[in-house]
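target_32.txt follows; it contains compact mmCIF, C-alpha atoms and all ligand atoms.
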# COMPACT_ATOMS: atom_id res chain seq x y z
CA MET A 279 -2.79 -22.68 8.37
CA VAL A 280 -4.30 -19.48 7.05
CA SER A 281 -6.72 -17.76 9.41
CA LEU A 282 -8.58 -14.54 8.80
CA GLU A 283 -10.05 -14.50 12.30
CA LEU A 284 -8.88 -11.45 14.25
CA ASN A 285 -7.53 -12.17 17.73
CA ASP A 286 -9.27 -10.74 20.81
CA GLU A 287 -7.04 -7.65 21.01
CA GLU A 288 -7.51 -6.87 17.31
CA LYS A 289 -11.29 -7.33 17.59
CA LEU A 290 -11.47 -5.04 20.60
CA ILE A 291 -9.41 -2.30 18.92
CA GLN A 292 -11.51 -2.62 15.77
CA GLN A 293 -14.69 -2.16 17.80
CA VAL A 294 -13.33 0.83 19.74
CA ALA A 295 -12.13 2.46 16.51
CA ARG A 296 -15.47 1.75 14.82
CA ASP A 297 -17.40 3.35 17.68
CA PHE A 298 -15.04 6.34 17.74
CA ALA A 299 -15.48 6.83 13.98
CA ARG A 300 -19.28 6.64 14.23
CA LYS A 301 -19.75 8.78 17.32
CA GLU A 302 -16.89 11.29 17.14
CA ILE A 303 -15.69 11.55 13.53
CA ARG A 304 -18.71 11.16 11.23
CA PRO A 305 -20.76 13.95 12.86
CA VAL A 306 -18.01 16.55 12.26
CA ALA A 307 -16.54 15.27 8.98
CA ALA A 308 -18.39 17.79 6.78
CA TYR A 309 -17.50 20.65 9.16
CA TYR A 310 -13.75 20.05 8.94
CA ASP A 311 -13.98 19.42 5.20
CA GLU A 312 -15.64 22.82 4.70
CA ARG A 313 -13.41 24.70 7.14
CA GLU A 314 -10.12 23.00 6.24
CA GLU A 315 -9.11 23.07 9.90
CA VAL A 316 -6.90 20.68 11.83
CA PRO A 317 -9.21 18.85 14.32
CA TYR A 318 -7.03 19.47 17.40
CA ASP A 319 -9.78 18.47 19.86
CA LEU A 320 -10.41 15.20 18.07
CA ILE A 321 -6.69 14.40 18.00
CA LYS A 322 -6.67 14.77 21.81
CA LYS A 323 -9.82 12.66 22.17
CA ALA A 324 -8.34 9.97 19.93
CA ALA A 325 -5.12 10.01 21.94
CA ALA A 326 -7.16 9.56 25.13
CA VAL A 327 -8.75 6.43 23.60
CA GLY A 328 -5.27 5.22 22.69
CA PHE A 329 -4.97 6.03 18.97
CA GLY A 330 -2.24 8.10 17.33
CA ILE A 331 1.30 6.77 17.33
CA SER A 332 0.81 4.84 20.56
CA LYS A 333 -0.99 2.08 18.66
CA GLN A 334 1.59 1.95 15.85
CA GLY A 335 3.88 -0.42 17.79
CA SER A 336 4.43 -2.81 14.92
CA LEU A 337 5.57 0.05 12.68
CA LEU A 338 7.88 1.46 15.34
CA ASP A 339 9.56 -1.46 17.06
CA GLY A 340 7.95 -4.51 15.51
CA ALA A 341 6.00 -5.16 18.73
CA GLY A 342 2.44 -6.45 18.74
CA SER A 343 0.08 -7.31 15.93
CA SER A 344 1.14 -5.84 12.60
CA LEU A 345 -2.54 -5.72 11.60
CA ILE A 346 -3.48 -3.14 14.23
CA PRO A 347 -2.33 0.03 12.40
CA SER A 348 -4.28 -1.08 9.32
CA ILE A 349 -7.39 -1.99 11.34
CA ILE A 350 -7.40 1.44 13.00
CA ALA A 351 -6.73 3.24 9.72
CA GLU A 352 -9.68 1.54 7.97
CA GLU A 353 -12.11 2.27 10.79
CA LEU A 354 -11.14 5.91 11.34
CA SER A 355 -11.01 6.55 7.59
CA TRP A 356 -14.53 5.14 7.30
CA GLY A 357 -15.47 8.10 9.52
CA CYS A 358 -13.43 10.66 7.54
CA ALA A 359 -10.10 10.10 5.83
CA GLY A 360 -8.91 13.66 6.47
CA ILE A 361 -9.59 13.43 10.19
CA ALA A 362 -8.13 9.91 10.33
CA LEU A 363 -4.94 11.18 8.69
CA ALA A 364 -4.81 14.11 11.11
CA ILE A 365 -5.12 11.72 14.07
CA ASN A 366 -2.38 9.45 12.72
CA SER A 367 -0.40 12.19 11.01
CA SER A 368 2.71 11.73 13.16
CA GLY A 369 2.91 8.09 12.10
CA LEU A 370 5.22 8.67 9.12
CA ALA A 371 7.68 10.79 11.07
CA ALA A 372 7.52 8.28 13.92
CA ALA A 373 8.22 5.38 11.56
CA ALA A 374 11.16 7.30 10.07
CA ILE A 375 12.60 7.99 13.54
CA ALA A 376 12.06 4.35 14.53
CA ALA A 377 13.70 3.09 11.34
CA THR A 378 16.75 5.36 11.42
CA GLY A 379 17.27 6.63 14.98
CA THR A 380 19.52 5.29 17.73
CA PRO A 381 17.72 3.94 20.84
CA GLU A 382 18.29 7.28 22.62
CA GLN A 383 16.99 9.25 19.66
CA ARG A 384 13.93 7.00 19.42
CA GLN A 385 13.16 7.56 23.07
CA GLN A 386 13.57 11.33 22.88
CA TRP A 387 11.85 12.11 19.59
CA LEU A 388 9.02 9.60 19.63
CA ALA A 389 7.92 11.06 22.97
CA ALA A 390 8.10 14.54 21.42
CA ILE A 391 5.47 13.68 18.79
CA ALA A 392 3.06 11.56 20.84
CA SER A 393 -0.17 13.46 21.55
CA ASP A 394 -2.12 12.80 24.73
CA GLU A 395 -5.51 13.89 26.04
CA HIS A 396 -4.08 17.26 27.14
CA GLU A 397 -1.73 18.24 24.34
CA VAL A 398 -1.42 17.73 20.60
CA ARG A 399 2.15 17.00 19.50
CA LEU A 400 2.75 16.50 15.83
CA GLY A 401 5.45 15.08 13.61
CA ALA A 402 6.08 15.79 9.93
CA MET A 403 8.11 13.74 7.50
CA CYS A 404 9.80 16.03 4.98
CA LEU A 405 10.97 14.11 1.93
CA THR A 406 9.28 15.58 -1.16
CA GLU A 407 10.65 18.75 -2.80
CA PRO A 408 9.50 20.91 -5.72
CA ASP A 409 11.96 19.07 -8.02
CA ALA A 410 12.01 15.74 -6.20
CA GLY A 411 8.61 14.04 -6.03
CA SER A 412 8.58 10.59 -7.58
CA ASP A 413 12.28 11.07 -8.28
CA VAL A 414 13.01 11.29 -4.59
CA ALA A 415 16.75 10.64 -4.91
CA ASN A 416 16.99 14.04 -6.60
CA ILE A 417 16.69 15.85 -3.26
CA GLN A 418 18.31 19.29 -3.37
CA THR A 419 18.04 20.21 0.31
CA THR A 420 21.55 20.21 1.73
CA ALA A 421 22.96 19.44 5.17
CA THR A 422 26.41 20.94 5.70
CA ARG A 423 28.52 20.04 8.69
CA ASP A 424 29.81 23.04 10.63
CA GLY A 425 31.67 21.99 13.78
CA ASP A 426 29.14 20.52 16.22
CA PHE A 427 26.23 21.56 14.02
CA TYR A 428 24.56 20.84 10.72
CA VAL A 429 23.18 23.67 8.61
CA LEU A 430 20.12 22.83 6.47
CA ASN A 431 19.11 24.74 3.35
CA GLY A 432 16.29 23.96 0.93
CA GLU A 433 12.53 23.68 0.51
CA LYS A 434 10.22 20.74 1.12
CA GLN A 435 6.86 20.53 -0.68
CA PHE A 436 3.39 19.18 0.23
CA ILE A 437 4.38 18.21 3.77
CA THR A 438 1.65 16.86 6.04
CA ASN A 439 1.82 18.98 9.23
CA GLY A 440 4.48 21.13 7.53
CA GLY A 441 5.25 24.17 9.68
CA ILE A 442 2.84 23.19 12.48
CA ALA A 443 4.69 20.07 13.63
CA ASP A 444 6.63 19.90 16.88
CA VAL A 445 9.24 17.80 15.12
CA HIS A 446 10.14 17.82 11.41
CA VAL A 447 12.11 14.82 10.18
CA VAL A 448 14.02 16.20 7.20
CA PHE A 449 15.80 14.25 4.50
CA ALA A 450 18.75 16.18 3.13
CA THR A 451 21.85 15.41 1.13
CA GLU A 452 25.29 15.67 2.60
CA ASP A 453 26.94 14.64 -0.65
CA ARG A 454 25.01 14.86 -3.90
CA SER A 455 27.60 12.83 -5.82
CA LYS A 456 26.57 9.77 -3.74
CA GLY A 457 22.87 9.90 -4.73
CA TRP A 458 20.84 7.83 -2.24
CA GLY A 459 24.00 7.10 -0.27
CA GLY A 460 24.52 10.79 0.45
CA ILE A 461 21.07 11.39 1.96
CA SER A 462 20.55 11.47 5.73
CA ALA A 463 17.63 12.22 8.02
CA PHE A 464 17.68 15.06 10.56
CA VAL A 465 15.35 16.12 13.32
CA VAL A 466 14.37 19.80 13.37
CA PRO A 467 12.29 20.81 16.41
CA LYS A 468 9.64 23.53 16.24
CA GLY A 469 11.01 27.03 16.79
CA THR A 470 14.49 26.32 15.39
CA PRO A 471 15.71 29.55 13.74
CA GLY A 472 15.71 29.17 9.96
CA LEU A 473 12.71 26.80 9.92
CA GLN A 474 9.83 28.58 8.15
CA GLN A 475 6.45 27.55 6.86
CA GLY A 476 5.99 28.15 3.10
CA THR A 477 2.80 27.85 1.06
CA VAL A 478 -0.16 26.37 2.94
CA TRP A 479 -2.07 24.37 0.31
CA LYS A 480 -5.83 24.33 -0.17
CA LYS A 481 -6.80 20.86 -1.27
CA MET A 482 -9.37 18.83 -3.21
CA GLY A 483 -9.90 16.41 -0.32
CA ILE A 484 -8.58 15.21 3.06
CA ARG A 485 -8.98 18.83 4.12
CA ALA A 486 -8.70 18.19 7.85
CA SER A 487 -5.12 17.15 7.19
CA HIS A 488 -2.73 20.11 7.02
CA THR A 489 -0.39 20.35 4.02
CA ALA A 490 2.30 23.01 3.60
CA ASN A 491 5.76 23.65 2.23
CA VAL A 492 8.61 24.02 4.69
CA ILE A 493 11.64 26.20 4.04
CA PHE A 494 15.04 25.72 5.68
CA ASN A 495 17.12 28.85 5.53
CA ASP A 496 20.52 28.39 7.20
CA CYS A 497 18.70 26.25 9.74
CA ARG A 498 21.30 25.22 12.32
CA ILE A 499 20.79 22.08 14.39
CA PRO A 500 23.09 20.20 16.78
CA ALA A 501 24.98 17.38 15.06
CA GLU A 502 23.33 14.81 17.34
CA TYR A 503 19.99 15.63 15.68
CA LYS A 504 21.12 13.62 12.70
CA LEU A 505 19.29 10.29 12.91
CA GLY A 506 21.33 7.13 13.02
CA ALA A 507 24.92 6.46 13.90
CA PRO A 508 26.62 9.39 15.65
CA ALA A 509 28.18 11.46 12.93
CA LYS A 510 31.80 12.55 13.15
CA PRO A 511 33.04 15.60 11.26
CA GLY A 512 33.95 14.39 7.79
CA GLY A 513 32.28 11.02 8.48
CA SER A 514 30.05 9.27 6.01
CA ALA A 515 26.37 10.05 5.53
CA GLY A 516 23.91 8.27 7.82
CA PRO A 517 21.27 5.71 6.96
CA GLY A 518 18.70 8.34 6.02
CA ALA A 519 17.80 7.20 2.53
CA VAL A 520 17.59 3.55 3.44
CA GLY A 521 15.50 4.56 6.45
CA ALA A 522 13.14 6.49 4.20
CA LEU A 523 12.66 3.51 1.95
CA MET A 524 12.07 1.21 4.92
CA THR A 525 9.58 3.67 6.35
CA LEU A 526 7.51 3.83 3.20
CA GLU A 527 7.63 0.08 2.68
CA ARG A 528 6.24 -0.62 6.12
CA THR A 529 3.60 2.10 6.06
CA ARG A 530 2.27 1.32 2.57
CA PRO A 531 -0.25 -1.33 3.70
CA VAL A 532 -1.65 1.24 6.15
CA VAL A 533 -2.13 3.73 3.31
CA GLY A 534 -4.12 1.01 1.56
CA ALA A 535 -6.19 0.53 4.71
CA TYR A 536 -7.28 4.18 4.72
CA ALA A 537 -8.43 3.71 1.13
CA VAL A 538 -10.40 0.58 2.11
CA GLY A 539 -12.15 2.63 4.82
CA ILE A 540 -13.33 5.24 2.30
CA ALA A 541 -14.41 2.57 -0.20
CA ARG A 542 -16.37 0.71 2.48
CA ALA A 543 -18.11 3.90 3.57
CA ALA A 544 -19.17 4.67 -0.01
CA TYR A 545 -20.28 1.11 -0.73
CA GLU A 546 -22.41 0.91 2.43
CA TYR A 547 -24.01 4.28 1.75
CA ALA A 548 -24.83 3.36 -1.86
CA LEU A 549 -26.26 -0.01 -0.78
CA ASP A 550 -28.61 1.58 1.75
CA TYR A 551 -29.69 4.21 -0.76
CA ALA A 552 -30.34 1.62 -3.49
CA LYS A 553 -32.66 -0.31 -1.16
CA THR A 554 -34.81 2.73 -0.37
CA ARG A 555 -34.82 4.84 -3.55
CA VAL A 556 -37.88 3.87 -5.60
CA GLN A 557 -38.12 4.45 -9.35
CA PHE A 558 -40.53 2.76 -11.77
CA GLY A 559 -42.41 1.50 -8.71
CA ARG A 560 -39.58 -0.54 -7.11
CA PRO A 561 -36.30 0.03 -5.25
CA ILE A 562 -33.51 0.74 -7.72
CA ILE A 563 -31.51 -2.24 -6.33
CA LYS A 564 -34.04 -4.48 -8.12
CA ASN A 565 -32.41 -3.38 -11.40
CA GLN A 566 -29.49 -5.59 -12.39
CA GLY A 567 -27.65 -2.49 -13.64
CA ILE A 568 -27.52 -1.25 -10.04
CA SER A 569 -27.21 -4.56 -8.15
CA PHE A 570 -24.27 -5.64 -10.33
CA MET A 571 -22.50 -2.36 -9.52
CA LEU A 572 -23.08 -3.00 -5.83
CA ALA A 573 -21.86 -6.60 -6.18
CA ASP A 574 -18.66 -5.33 -7.82
CA MET A 575 -18.24 -2.76 -5.06
CA ALA A 576 -18.62 -5.42 -2.34
CA MET A 577 -16.05 -7.68 -4.03
CA ALA A 578 -13.61 -4.82 -4.55
CA VAL A 579 -13.77 -3.66 -0.92
CA ASP A 580 -13.25 -7.18 0.41
CA SER A 581 -10.40 -8.03 -1.95
CA ALA A 582 -8.64 -4.72 -1.21
CA ARG A 583 -8.84 -5.43 2.54
CA LEU A 584 -7.45 -8.93 2.01
CA MET A 585 -4.46 -7.52 0.12
CA VAL A 586 -3.86 -4.92 2.83
CA TRP A 587 -4.01 -7.50 5.60
CA ARG A 588 -1.72 -9.89 3.71
CA ALA A 589 0.91 -7.17 3.26
CA ALA A 590 0.56 -6.08 6.91
CA TRP A 591 0.84 -9.67 8.07
CA MET A 592 3.95 -10.27 5.92
CA ALA A 593 5.62 -7.19 7.36
CA GLY A 594 4.91 -8.38 10.91
CA ALA A 595 5.78 -12.04 10.38
CA ASN A 596 9.15 -11.16 8.85
CA VAL A 597 8.24 -13.14 5.77
CA PRO A 598 10.75 -11.91 3.20
CA TYR A 599 9.08 -8.66 2.34
CA LEU A 600 9.38 -8.16 -1.38
CA GLN A 601 8.14 -4.57 -1.49
CA ALA A 602 5.74 -5.72 -4.14
CA GLU A 603 3.08 -6.86 -1.66
CA GLY A 604 3.05 -3.49 0.10
CA SER A 605 2.94 -1.67 -3.22
CA MET A 606 0.22 -4.00 -4.51
CA ALA A 607 -1.92 -3.34 -1.44
CA LYS A 608 -1.53 0.45 -1.59
CA CYS A 609 -2.03 0.63 -5.35
CA TYR A 610 -4.96 -1.77 -5.57
CA ALA A 611 -6.83 -0.42 -2.53
CA SER A 612 -6.54 3.18 -3.71
CA ASP A 613 -7.68 2.28 -7.23
CA VAL A 614 -10.63 0.45 -5.62
CA ALA A 615 -11.46 3.48 -3.46
CA MET A 616 -11.47 5.73 -6.52
CA LYS A 617 -13.74 3.43 -8.54
CA VAL A 618 -16.09 2.55 -5.69
CA THR A 619 -16.61 6.18 -4.66
CA VAL A 620 -17.29 7.30 -8.24
CA ASP A 621 -19.73 4.40 -8.68
CA ALA A 622 -21.44 5.32 -5.40
CA VAL A 623 -22.16 8.77 -6.85
CA GLN A 624 -23.70 7.02 -9.85
CA VAL A 625 -25.92 4.84 -7.65
CA LEU A 626 -27.23 7.98 -5.93
CA GLY A 627 -27.78 9.76 -9.25
CA GLY A 628 -28.24 13.54 -8.87
CA GLN A 629 -28.27 13.23 -5.09
CA GLY A 630 -24.77 11.76 -5.22
CA TYR A 631 -23.48 14.95 -6.80
CA MET A 632 -24.87 17.13 -4.02
CA ARG A 633 -23.08 18.11 -0.84
CA ASP A 634 -26.16 17.02 1.14
CA HIS A 635 -24.68 13.53 0.92
CA PRO A 636 -21.11 12.58 1.90
CA VAL A 637 -20.43 10.65 -1.30
CA GLU A 638 -18.92 13.50 -3.33
CA LYS A 639 -16.51 14.14 -0.43
CA TRP A 640 -15.44 10.51 -0.48
CA VAL A 641 -14.57 10.84 -4.19
CA ARG A 642 -12.40 13.86 -3.37
CA ASP A 643 -10.82 12.13 -0.38
CA ALA A 644 -10.11 8.91 -2.29
CA LYS A 645 -8.00 10.60 -4.98
CA ILE A 646 -5.01 11.40 -2.76
CA PHE A 647 -4.41 7.72 -2.03
CA GLN A 648 -3.45 7.19 -5.68
CA ILE A 649 -0.89 10.00 -5.35
CA PHE A 650 0.95 10.25 -2.04
CA GLU A 651 3.48 7.86 -0.51
CA GLY A 652 4.49 7.01 -4.06
CA THR A 653 2.03 7.48 -6.92
CA ASN A 654 0.33 4.41 -8.32
CA GLN A 655 2.52 4.65 -11.41
CA ILE A 656 5.56 4.36 -9.15
CA GLN A 657 3.93 1.44 -7.27
CA ARG A 658 3.42 -0.30 -10.63
CA LEU A 659 7.09 0.32 -11.43
CA VAL A 660 8.05 -1.35 -8.13
CA ILE A 661 5.71 -4.28 -8.78
CA GLY A 662 6.95 -4.61 -12.37
CA ARG A 663 10.57 -4.69 -11.22
CA ALA A 664 9.76 -7.36 -8.61
CA LEU A 665 8.08 -9.46 -11.31
CA GLU A 666 11.07 -9.00 -13.59
CA ALA A 667 13.37 -10.27 -10.82
CA LEU A 668 11.37 -13.50 -10.33
CA PRO A 669 13.28 -16.59 -11.49
CA PRO A 670 11.97 -18.23 -14.66
CA ARG A 671 9.38 -20.94 -14.06
CA GLY A 672 10.47 -24.47 -14.82
C1 LIG B 1 -1.93 15.98 0.34
C2 LIG B 1 -0.51 15.55 0.19
C3 LIG B 1 0.23 15.21 1.32
C4 LIG B 1 1.57 14.84 1.20
N1 LIG B 1 2.30 14.58 2.34
C5 LIG B 1 3.65 14.38 2.22
C6 LIG B 1 4.48 14.28 3.39
O1 LIG B 1 3.99 14.34 4.53
N2 LIG B 1 5.82 14.15 3.22
C7 LIG B 1 6.40 14.09 2.00
O2 LIG B 1 7.62 13.98 1.93
N3 LIG B 1 5.64 14.16 0.86
C8 LIG B 1 4.29 14.32 0.95
N4 LIG B 1 3.52 14.43 -0.18
C9 LIG B 1 4.17 14.36 -1.48
C10 LIG B 1 3.79 13.13 -2.29
O3 LIG B 1 4.42 11.99 -1.77
C11 LIG B 1 4.17 13.44 -3.75
O4 LIG B 1 3.23 14.38 -4.23
C12 LIG B 1 4.17 12.21 -4.63
O5 LIG B 1 5.23 11.34 -4.28
C13 LIG B 1 4.29 12.54 -6.11
O6 LIG B 1 5.29 13.49 -6.38
P1 LIG B 1 4.95 14.77 -7.25
O7 LIG B 1 3.71 15.39 -6.70
O8 LIG B 1 6.14 15.61 -7.36
O9 LIG B 1 4.55 14.20 -8.68
P2 LIG B 1 5.57 13.89 -9.89
O10 LIG B 1 6.69 13.04 -9.41
O11 LIG B 1 5.90 15.17 -10.57
O12 LIG B 1 4.65 13.02 -10.85
C14 LIG B 1 3.71 13.59 -11.76
C15 LIG B 1 3.10 12.44 -12.55
O13 LIG B 1 4.12 11.74 -13.30
C16 LIG B 1 4.10 10.37 -12.97
N5 LIG B 1 5.48 9.84 -13.03
C17 LIG B 1 6.61 10.39 -12.51
N6 LIG B 1 7.67 9.61 -12.75
C18 LIG B 1 7.20 8.53 -13.43
C19 LIG B 1 7.81 7.35 -13.96
N7 LIG B 1 9.11 7.10 -13.84
N8 LIG B 1 7.00 6.46 -14.62
C20 LIG B 1 5.68 6.69 -14.76
N9 LIG B 1 5.05 7.78 -14.27
C21 LIG B 1 5.80 8.68 -13.60
C22 LIG B 1 3.52 10.30 -11.57
O14 LIG B 1 2.98 9.02 -11.28
C23 LIG B 1 2.45 11.38 -11.64
O15 LIG B 1 1.30 10.87 -12.26
C24 LIG B 1 2.17 14.76 -0.09
C25 LIG B 1 1.43 15.07 -1.22
C26 LIG B 1 0.12 15.49 -1.10
C27 LIG B 1 -0.64 15.86 -2.35

Starting from the coordinates I provided, produce the structure as structure tokens.
Amino acid sequence: MVSLELNDEEKLIQQVARDFARKEIRPVAAYYDEREEVPYDLIKKAAAVGFGISKQGSLLDGAGSSLIPSIIAEELSWGCAGIALAINSSGLAAAAIAATGTPEQRQQWLAAIASDEHEVRLGAMCLTEPDAGSDVANIQTTATRDGDFYVLNGEKQFITNGGIADVHVVFATEDRSKGWGGISAFVVPKGTPGLQQGTVWKKMGIRASHTANVIFNDCRIPAEYKLGAPAKPGGSAGPGAVGALMTLERTRPVVGAYAVGIARAAYEYALDYAKTRVQFGRPIIKNQGISFMLADMAMAVDSARLMVWRAAWMAGANVPYLQAEGSMAKCYASDVAMKVTVDAVQVLGGQGYMRDHPVEKWVRDAKIFQIFEGTNQIQRLVIGRALEALPPRG
């Protein structure tokens, strides 16, 4: 039987996240957007409430409700997507460690990136490079075995928490001739000689989330920092590439959930405005041209959430996960967020274009969700391939 009723735990977490977004995030969203600062205090406060990687159980070890990460992401992103991403920014690195690390490595490195109410600890997942974005198998960063060490060389681009993270999870090739099979994942702790921050990017949106390049210059790490099976000198590459793919598959519904949060915020704001703004002697919502836009926005937000929840549920229920459902959720929800936020500006007219209202920020924030964790063109490629692989109908 299909049920869309959240269980008691999910409802409680949704309510706590909703309150946190309203009371703690919304009031400072414009401040962090203007200042482009990492909201360290808010990350600690969120950790005290229990957010951050501690609530990502289903993404880390399959424990608990697989809906919870998406529920939290939608609520916090309703408050501000940049701050929400900053609060959950270790999630990708954590998922990569969980997917590829040994039990001992998981214990050590997940603890190293879990913030609490006293201290912010951050993880960064370093996959993208200047010449390897969508074409991620084209990674040029190398990992060369040298006795009991690996030596990393290369540059990673557009890395969330790049250079400020306590732990960088770095994907590097040990053997380029093997393509994906030659790529492994390595942990590089803060302060390791040869780890340098490169360009710190100024962005269109999600400005409370830190984005920078990271340079590895003869960066020497102990061999046991390679994630996965213990590597022997001359042994084969670890499960890094497969781990990366698994990571992105499982986190994709959550990316969609952030987009739903922005879309919902914009839709609600436009609805309230349309009921109170009077032109030609009546609220503008009385015009079909406006009420139909709002009706489309309401349908789009709801359908995007349903796709996100379906993908999250499939991942948790171990229903054969086709990739396509995660890609569909991420792609559709981010396209919805883009359209709904732009339409919300239209509903507000000139006011929508002004920084006095949050709507223009939501347009800027929405755009990234069509780009990172695989652009929407790449998601459509994945979906198209899954469709192609379907058996012919009788
Ligand atoms: C704010 C931000 C944060 C990020 N955080 C991280 C992070 O923490 N870790 C990390 O590893 N990466 C991160 N990224 C990188 C992000 O995942 C990449 O930007 C993204 O995968 C796209 O790669 P690219 O920018 O090189 O674009 P390109 O791959 O150069 O693509 C350019 C355009 O070409 C299109 N395109 C490319 N190939 C095809 C194809 N075969 N068919 C059709 N269209 C195609 C793309 O869809 C896009 O429209 C982040 C990026 C940003 C902007």

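Across A:Lys480, A:Ala486, A:Thr554, A:Leu370, the tightest approach to Ile321 (chain A) is made by A:Ala486 when counting all atoms listed in the file.
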
Point to revise | Selection as a VMD selection string: residues within 7 Å of ligand LIG 1 (chain B) by only C-alpha atoms and all ligand atoms | key: chain A and resid 402 to 406 408 to 413 435 to 439 489 646 649 to 656 659

Atoms kept (C-alpha atoms) for selection, written as a JSON list (two decimals), keeping the file's coordinate frame:
[["chain", "number", "residue", "atom", "x", "y", "z"],
["A", 402, "ALA", "CA", 6.08, 15.79, 9.93],
["A", 403, "MET", "CA", 8.11, 13.74, 7.50],
["A", 404, "CYS", "CA", 9.80, 16.03, 4.98],
["A", 405, "LEU", "CA", 10.97, 14.11, 1.93],
["A", 406, "THR", "CA", 9.28, 15.58, -1.16],
["A", 408, "PRO", "CA", 9.50, 20.91, -5.72],
["A", 409, "ASP", "CA", 11.96, 19.07, -8.02],
["A", 410, "ALA", "CA", 12.01, 15.74, -6.20],
["A", 411, "GLY", "CA", 8.61, 14.04, -6.03],
["A", 412, "SER", "CA", 8.58, 10.59, -7.58],
["A", 413, "ASP", "CA", 12.28, 11.07, -8.28],
["A", 435, "GLN", "CA", 6.86, 20.53, -0.68],
["A", 436, "PHE", "CA", 3.39, 19.18, 0.23],
["A", 437, "ILE", "CA", 4.38, 18.21, 3.77],
["A", 438, "THR", "CA", 1.65, 16.86, 6.04],
["A", 439, "ASN", "CA", 1.82, 18.98, 9.23],
["A", 489, "THR", "CA", -0.39, 20.35, 4.02],
["A", 646, "ILE", "CA", -5.01, 11.40, -2.76],
["A", 649, "ILE", "CA", -0.89, 10.00, -5.35],
["A", 650, "PHE", "CA", 0.95, 10.25, -2.04],
["A", 651, "GLU", "CA", 3.48, 7.86, -0.51],
["A", 652, "GLY", "CA", 4.49, 7.01, -4.06],
["A", 653, "THR", "CA", 2.03, 7.48, -6.92],
["A", 654, "ASN", "CA", 0.33, 4.41, -8.32],
["A", 655, "GLN", "CA", 2.52, 4.65, -11.41],
["A", 656, "ILE", "CA", 5.56, 4.36, -9.15],
["A", 659, "LEU", "CA", 7.09, 0.32, -11.43]]

Exercise for review: Excluding Lys434 (chain A) and any residue of its chain fewer than 4 positions from it, enumerate the residues within 9 Å of it, using only C-alpha atoms, and give them as a ChimeraX atom specification.
Suggested key: /A:404-408,419,440,448,476,490-494

Listed atoms of region 360-366 of chain A boxed axis-aligned with 8 Å per side, centre + edges as AutoDock Vina command-line options:
--center_x -6.0 --center_y 11.8 --center_z 10.3 --size_x 23.2 --size_y 20.7 --size_z 23.6

Exercise for review: List the neighbours of region 301-315 of chain A out to 8 Å using all atoms listed in the file; skip same-chain residues closer than 2 positions along the sequence, and give me the result as a ChimeraX atom specification.
Suggested key: /A:297-299,317,320,354,357-358,360-361,480,483-488,636

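Candidate residues A:Ala544, A:Ala664, A:Val414, A:Ile568 were compared for distance to Met616 (chain A), and the nearest is A:Ala544, using all atoms listed in the file.
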
Exercise for review: Excluding Ser393 (chain A) and residues on its chain fewer than 5 positions from it, collect all residues at most 10 Å away from it, counting all atoms listed in the file, and give them as a PyMOL selection string.
Suggested key: chain A and resi 321-326+328-332+365-366+368+398-401

Please dump the current selection as a JSON list (two decimals), in the frame of the given file; keep C-alpha atoms.
[["chain", "number", "residue", "atom", "x", "y", "z"],
["A", 321, "ILE", "CA", -6.69, 14.40, 18.00],
["A", 322, "LYS", "CA", -6.67, 14.77, 21.81],
["A", 323, "LYS", "CA", -9.82, 12.66, 22.17],
["A", 324, "ALA", "CA", -8.34, 9.97, 19.93],
["A", 325, "ALA", "CA", -5.12, 10.01, 21.94],
["A", 326, "ALA", "CA", -7.16, 9.56, 25.13],
["A", 328, "GLY", "CA", -5.27, 5.22, 22.69],
["A", 329, "PHE", "CA", -4.97, 6.03, 18.97],
["A", 330, "GLY", "CA", -2.24, 8.10, 17.33],
["A", 331, "ILE", "CA", 1.30, 6.77, 17.33],
["A", 332, "SER", "CA", 0.81, 4.84, 20.56],
["A", 365, "ILE", "CA", -5.12, 11.72, 14.07],
["A", 366, "ASN", "CA", -2.38, 9.45, 12.72],
["A", 368, "SER", "CA", 2.71, 11.73, 13.16],
["A", 398, "VAL", "CA", -1.42, 17.73, 20.60],
["A", 399, "ARG", "CA", 2.15, 17.00, 19.50],
["A", 400, "LEU", "CA", 2.75, 16.50, 15.83],
["A", 401, "GLY", "CA", 5.45, 15.08, 13.61]]

Point to revise | Nearest to Asp424 (chain A) by atom-to-atom distance, counting only C-alpha atoms, from A:Cys497, A:Val556, A:Met592, A:Ala611 | key: A:Cys497
